[in-house]
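Below is one structure, written out as structure tokens; the observations come after it.
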Amino acid sequence: MTREEELDEQIGTLYEAALEPELWREAIEGLLRMVDAQIGHLYFLERKSGRVTSSIIPGPGYQREEIEQIDADYSAYYRTIDPRQAVAG
């Protein structure tokens, strides 16, 4: 498979995940493979409260409790200093 075909397939997986949320992990894992990354984090943030409502961290060894703590820490503090928030809202 060429790099362009791989990218087309990955884009398709992202579109499918938007319609079928159970595919988000597969979509993120595909992106990680494409960019040769070890870990990624996709989170969904509630605009009014700033609370992370769900989160996916494909990568080595994260337990559900650890992910919940990461989400809580982000919601409580890191979102306030995250420069992406300026363009996300």
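By convention in this document, the chains of the structure tokens carry letters A, B, ... by their order, each chain's residues are numbered from 1, and ligands are numbered from 1 in the order they are shown.
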
- Hey, what does DSSP flag as alpha helix (DSSP H) within chain A? Can you give it to me as a PyMOL selection string? chain A and resi 3-19+24-34+64-73+79-81+85-88

Write the residues of the preceding selection, restricted to C-alpha atoms, as a CSV table (one decimal), in the first residue's frame.
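So part.csv came out as:
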```csv
chain,number,residue,atom,x,y,z
A,3,ARG,CA,1.6,6.2,1.6
A,4,GLU,CA,-1.2,8.0,-0.2
A,5,GLU,CA,-3.5,5.0,-0.1
A,6,GLU,CA,-2.7,4.6,3.6
A,7,LEU,CA,-3.6,8.2,4.2
A,8,ASP,CA,-6.9,7.8,2.2
A,9,GLU,CA,-7.8,4.7,4.3
A,10,GLN,CA,-7.0,6.5,7.5
A,11,ILE,CA,-9.1,9.5,6.6
A,12,GLY,CA,-12.0,7.1,5.9
A,13,THR,CA,-11.5,5.5,9.3
A,14,LEU,CA,-11.7,9.0,11.0
A,15,TYR,CA,-15.0,9.7,9.2
A,16,GLU,CA,-16.4,6.3,10.2
A,17,ALA,CA,-15.4,7.0,13.8
A,18,ALA,CA,-17.3,10.2,13.8
A,19,LEU,CA,-20.4,8.2,13.0
A,24,TRP,CA,-12.2,6.1,17.7
A,25,ARG,CA,-9.5,3.8,19.3
A,26,GLU,CA,-8.8,2.2,15.9
A,27,ALA,CA,-8.7,5.6,14.2
A,28,ILE,CA,-6.2,7.0,16.7
A,29,GLU,CA,-4.1,3.9,16.7
A,30,GLY,CA,-3.9,4.2,12.9
A,31,LEU,CA,-2.8,7.8,13.1
A,32,LEU,CA,-0.1,6.8,15.7
A,33,ARG,CA,1.2,4.2,13.3
A,34,MET,CA,1.3,6.7,10.4
A,64,ARG,CA,-9.0,3.1,33.3
A,65,GLU,CA,-8.3,4.8,36.7
A,66,GLU,CA,-5.2,6.4,35.3
A,67,ILE,CA,-7.1,7.7,32.3
A,68,GLU,CA,-9.8,9.1,34.6
A,69,GLN,CA,-7.1,10.9,36.6
A,70,ILE,CA,-5.5,12.3,33.5
A,71,ASP,CA,-8.9,13.6,32.4
A,72,ALA,CA,-9.6,15.1,35.8
A,73,ASP,CA,-6.2,16.8,35.9
A,79,ARG,CA,-7.2,23.2,29.9
A,80,THR,CA,-6.7,26.6,31.3
A,81,ILE,CA,-3.2,26.9,29.9
A,85,GLN,CA,-8.5,26.1,23.7
A,86,ALA,CA,-8.4,29.5,22.0
A,87,VAL,CA,-9.2,28.0,18.7
A,88,ALA,CA,-11.4,25.1,19.8
```

- Please indicate the distance in Å from CA of Lys48 (chain A) to CA of Gln63 (chain A), rounded to one decimal place.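 Going from CA of Lys48 (chain A) over to CA of Gln63 (chain A), I get 27.7 Å.
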
- Query: For Pro21 (chain A), which residue out of A:Phe44, A:Gly61, A:Val52, A:Pro83 is the nearest one, using only C-alpha atoms?
  - Reply: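 With only C-alpha atoms as the atom set, the closest residue is A:Phe44.
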
- Kindly give the distance, in Å, that separates CA of Leu23 (chain A) and CA of Ala76 (chain A), rounded to a single decimal.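 Between these atoms lies a distance of 27.6 Å.
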
- Message: Considering only C-alpha atoms, can you say which of A:Tyr74, A:Thr2, A:Arg84, A:Glu20 comes closest to Thr53 (chain A)?
- Response: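 For Thr53 (chain A), the nearest of the candidates is A:Tyr74.
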
- Item | Which of chain A fall in strand (DSSP E or B), as an MDAnalysis selection string | chainID A and resid 42:45 52:56
